[in-house]
Each structure stands twice: as structure tokens, then as C-alpha cells.
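Participant: I am attaching a structure below and will ask some questions about it afterwards.
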Amino acid sequence: MPSSTKITESSCYTLPWQRECERGPSPPMNGKMKSRKTKEKKSISSRIRRLLANKKDRKKQDNRNENSTITQCIALDCEMVGVGPSKRTALARCTVIDYHGNCLYDSYVKPDEPVTDYRTRWSGIRKEHIAQGIPFSVVKRHIYELFRGRILIGHAINNDLKALQLTHPVDKIRDTSKCPKLRSMMGVDLKQSMSLKALSKQLLRRTIQRGEHCSLEDARATMDLFKLVEPQSDNVPTTSRQQTSMNNDSVPSSSHLQSYMHDNYWPADFDNQ
């Protein structure tokens with residue numbers, strides 16, 4: 001090593017604050033520099049405030065969602081398409097409403113297999129609906145969470161559950177297609193099938209399924225049919241096993257149905273039908 005090179009401890013281990021001291025103080029800022037610095041600080045502060053406010057709003061919204069109550073009775077209706085070479089039935093749209101007809105869940109579904117028959121004439125499903133659909137596994141998980149511990153109402157509901165690949169406790173299912181009370185009100189034999197369209201037309205004075213089906217419209221019709229014959233215990237959130245089944249063979253009394261015969265429950269154009 002040349003003798004002229006001198007290594008000192010300070011030159012080998014100089015800390016940042018020491019280097020700043022060696023460089024001396026920074027030159028004074030002019031007016032433009034001060035203004036720019038001030039604006040940058042204000043911009044950063046405003047962004048931080050917005051982020052904190054958004055975080056608080058999201059937290060409040062999450063708390064509201066968690067604390068919101070879903071009625072004990074919910075209704076389900078689904079639309080299906082055909083998939084694969086055999087055109088096997090698969091879920092394409094799923095709708096769940098609460099007791100009051102409010103929509104809890106309504107989503108198009110993307111099946112796991114390619115769609116080979118959209119069944120648009122009945123399902124109302126088209127290619128663009130499937131393209132924007134949610135994966136089947138995600139929908140299934142969401143619906144499972146909605147079902148837990150609740151009374152599930154549907155029309156020929158086994159078909160919907162099969163498409164969802166889900167099961168539900170038998171004592172918590174109310175199927176309007178098999179209800180003896182509704183059959184009695186329709187004046188049909190116990191073994192005769194009842195379509196949702198016919199039940200709605202005769203008992204609700206409501207025309208549905210004029211062409212392509214809508215699962216939201218069908219779910220609301222199903223819930224309203226259930227209301228005509230619902231046992232009182234079904235509308236009370238309880239874990240008691242002593243619930244009266246909708247499949248009871250007794251015919252509801254006129255007093256039980258009286259509240260549903262008021263004019264406000266009938267469509268305005270009823271007299272013209």
C-alpha cells in the first residue's frame with residue numbers, strides 16, 4: 001500500500017448524521033420551495049385523513065352488516081342451464097329473499113362445465129349472464145351461510161337444492177308444491193302436481209312466468225303462498241322442535257286467512273283479469 005494513503009477510523013465508519021454535519025447546513029429554501037413543501041405536507045395529510053375516514057366507514061358498515069337481522073323464514077328459487085355433452089342440469093342463477101320479499105342474494109352463476117343449452121325460453125339465461133357470473137363454489141358457500149338455522153321455503157325445492165349440491169334439515173323445509181293446505185285451497189287431488197304459475201294465478205291473483213322465468217319474481221310468489229298457510233310458530237325465531245309442519249293435513253280456518261284477503265293484498269288490475 002502506498003505510504004501516501006492514510007486510512008483513518010472516521011473515514012471507514014462515517015454515519016449519515018456525521019456526513020450531514022460534514023457537508024454543513026442545507027442552503028436556505030426560497031419562497032417556491034417552501035410553498036411546494038407546504039403543499040406536499042397538506043396533500044399527504046389530506047390523503048391520510050381520507051384513508052382513516054374510509055377505514056372507519058368500512059368498519060361501521062361491517063358492523064351494521066354483522067348486526068343486521070335476517071328473518072327466520074327465507075325463500076329460494078333458482079334458474080338452471082344444461083352443461084356438457086349430455087346437457088346435465090346446472091345452476092345458472094340463484095335468488096334468496098327474506099320473509100318481507102327483500103332480496104338477500106341474487107347472482108348469476110358460472111358453472112364448472114361449458115354451457116351447451118342455455119334454456120333461455122324458460123330460464124331467461126343468456127351467454128352474457130354466464131360470462132359475468134360468480135363461480136359455482138363461491139355461490140354455494142354464500143348460500144350455505146344464509147341457509148344455516150333458518151326455515152327454507154321453495155317450490156319443488158329439491159330441484160334447487162340438487163342444483164346447489166346442498167342439503168337442508170327436513171323439518172326446516174316448506175315446499176309449496178307439496179303443501180296439502182294449498183292443494184285444498186286449489187281444490188286439487190293430493191297426488192296432482194301444482195305449478196307455481198297456477199298457484200299464483202288462482203290464490204294470489206298474480207300472473208307470473210309470462211315468458212322467460214325470473215327467479216326473484218318466483219321466490220316472492222313462493223313466499224307469499226307460504227304466508228297464506230304458514231304456521232304461527234314458523235314466523236317466530238325459535239329453536240324449539242315443536243314446530244307445526246306446513247305439511248299438516250288440516251285445512252286453515254277462515255280467520256287465519258282473513259288478514260290476507262284484504263284489498264291491499266290484491267293487484268290493482270284484479271277486476272280486469
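A note on labels: chains of the C-alpha cells are A, B, ... as shown, every chain counts residues from 1, and ligands are counted from 1 in their shown order.
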Any idea what's packed within 12 Å of Val109 of chain A, counting only C-alpha atoms, ignoring anything in its chain fewer than 6 positions away? Could you give it as number ranges by chain?
Facilitator: A: 78-81, 90-95, 115, 125-140, 163-164
Participant: Quick one: residues within 8 Å of segment 98-107 of chain A, only C-alpha atoms, excluding same-chain residues fewer than 6 positions away - as a list in words?
Facilitator: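 Skipping anything fewer than 6 positions along the chain leaves Ile70, Thr71, Gln72, Cys73, Ile74, Ala75, Gly133, Ile134, Val139, Leu216, Arg220 and Met223 of chain A.
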Participant: Could those selected residues go to a file with C-alpha atoms, as an mmCIF file, in the first residue's frame?
Facilitator:
```cif
data_model
loop_
_atom_site.group_PDB
_atom_site.id
_atom_site.type_symbol
_atom_site.label_atom_id
_atom_site.label_comp_id
_atom_site.auth_asym_id
_atom_site.auth_seq_id
_atom_site.Cartn_x
_atom_site.Cartn_y
_atom_site.Cartn_z
ATOM 1 C CA ILE A 70 -82.271 -11.827 8.612
ATOM 2 C CA THR A 71 -85.777 -13.174 9.062
ATOM 3 C CA GLN A 72 -86.238 -16.733 10.257
ATOM 4 C CA CYS A 73 -88.029 -17.690 7.026
ATOM 5 C CA ILE A 74 -86.296 -17.259 3.680
ATOM 6 C CA ALA A 75 -87.342 -18.315 0.181
ATOM 7 C CA GLY A 133 -71.441 -14.998 -13.276
ATOM 8 C CA ILE A 134 -69.782 -15.880 -9.982
ATOM 9 C CA VAL A 139 -72.141 -19.077 -4.647
ATOM 10 C CA LEU A 216 -86.692 -13.159 -7.968
ATOM 11 C CA ARG A 220 -91.551 -13.729 -3.949
ATOM 12 C CA MET A 223 -93.057 -16.678 -0.071
#
```
Participant: What is the atom CA of Phe147 of chain A to atom CA of Ser123 of chain A distance in Å?
Facilitator: 23.3 Å
Participant: Please list as a VMD selection string every residue within 9 Å of Leu182 of chain A, counting only C-alpha atoms and excluding residues in the same chain fewer than 5 positions away.
Facilitator: chain A and resid 176 to 177 187 to 188 199 203 225 to 226 228 to 229 251
Participant: Got time to write the residues from that selection, N, CA and C atoms, as a PDB file, in the first residue's frame?
Facilitator:
```
ATOM      1  N   THR A 176     -93.958 -25.539  -1.218  1.00  0.00           N
ATOM      2  CA  THR A 176     -95.315 -25.154  -1.612  1.00  0.00           C
ATOM      3  C   THR A 176     -95.910 -26.094  -2.657  1.00  0.00           C
ATOM      4  N   SER A 177     -95.079 -26.864  -3.343  1.00  0.00           N
ATOM      5  CA  SER A 177     -95.604 -27.791  -4.349  1.00  0.00           C
ATOM      6  C   SER A 177     -96.218 -29.037  -3.708  1.00  0.00           C
ATOM      7  N   GLY A 187    -108.340 -26.963  -4.596  1.00  0.00           N
ATOM      8  CA  GLY A 187    -109.350 -27.952  -4.940  1.00  0.00           C
ATOM      9  C   GLY A 187    -108.815 -29.046  -5.837  1.00  0.00           C
ATOM     10  N   VAL A 188    -107.551 -29.416  -5.624  1.00  0.00           N
ATOM     11  CA  VAL A 188    -106.943 -30.457  -6.448  1.00  0.00           C
ATOM     12  C   VAL A 188    -106.658 -31.681  -5.589  1.00  0.00           C
ATOM     13  N   LEU A 199    -100.697 -21.766  -9.023  1.00  0.00           N
ATOM     14  CA  LEU A 199    -100.960 -21.368  -7.636  1.00  0.00           C
ATOM     15  C   LEU A 199    -101.016 -19.848  -7.511  1.00  0.00           C
ATOM     16  N   LEU A 203    -104.526 -18.300  -6.336  1.00  0.00           N
ATOM     17  CA  LEU A 203    -104.548 -17.939  -4.918  1.00  0.00           C
ATOM     18  C   LEU A 203    -104.041 -16.523  -4.649  1.00  0.00           C
ATOM     19  N   LEU A 225     -97.226 -17.366  -1.103  1.00  0.00           N
ATOM     20  CA  LEU A 225     -98.060 -18.562  -0.957  1.00  0.00           C
ATOM     21  C   LEU A 225     -97.857 -19.181   0.423  1.00  0.00           C
ATOM     22  N   PHE A 226     -96.628 -19.191   0.866  1.00  0.00           N
ATOM     23  CA  PHE A 226     -96.336 -19.711   2.207  1.00  0.00           C
ATOM     24  C   PHE A 226     -97.060 -18.903   3.276  1.00  0.00           C
ATOM     25  N   LEU A 228     -99.873 -17.605   3.154  1.00  0.00           N
ATOM     26  CA  LEU A 228    -101.284 -17.964   3.225  1.00  0.00           C
ATOM     27  C   LEU A 228    -101.547 -19.101   4.200  1.00  0.00           C
ATOM     28  N   VAL A 229    -100.568 -19.956   4.374  1.00  0.00           N
ATOM     29  CA  VAL A 229    -100.787 -21.172   5.166  1.00  0.00           C
ATOM     30  C   VAL A 229     -99.750 -21.371   6.253  1.00  0.00           C
ATOM     31  N   VAL A 251    -107.036 -28.182   7.227  1.00  0.00           N
ATOM     32  CA  VAL A 251    -107.296 -27.014   6.390  1.00  0.00           C
ATOM     33  C   VAL A 251    -107.308 -25.778   7.272  1.00  0.00           C
TER      34      VAL A 251
END
```
Participant: Quick check, in Å to one decimal: how far apart do atom CA of Ser193 of chain A and atom CA of Pro231 of chain A lie?
Facilitator: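 Straight-line distance from atom CA of Ser193 of chain A to atom CA of Pro231 of chain A works out to 22.4 Å.
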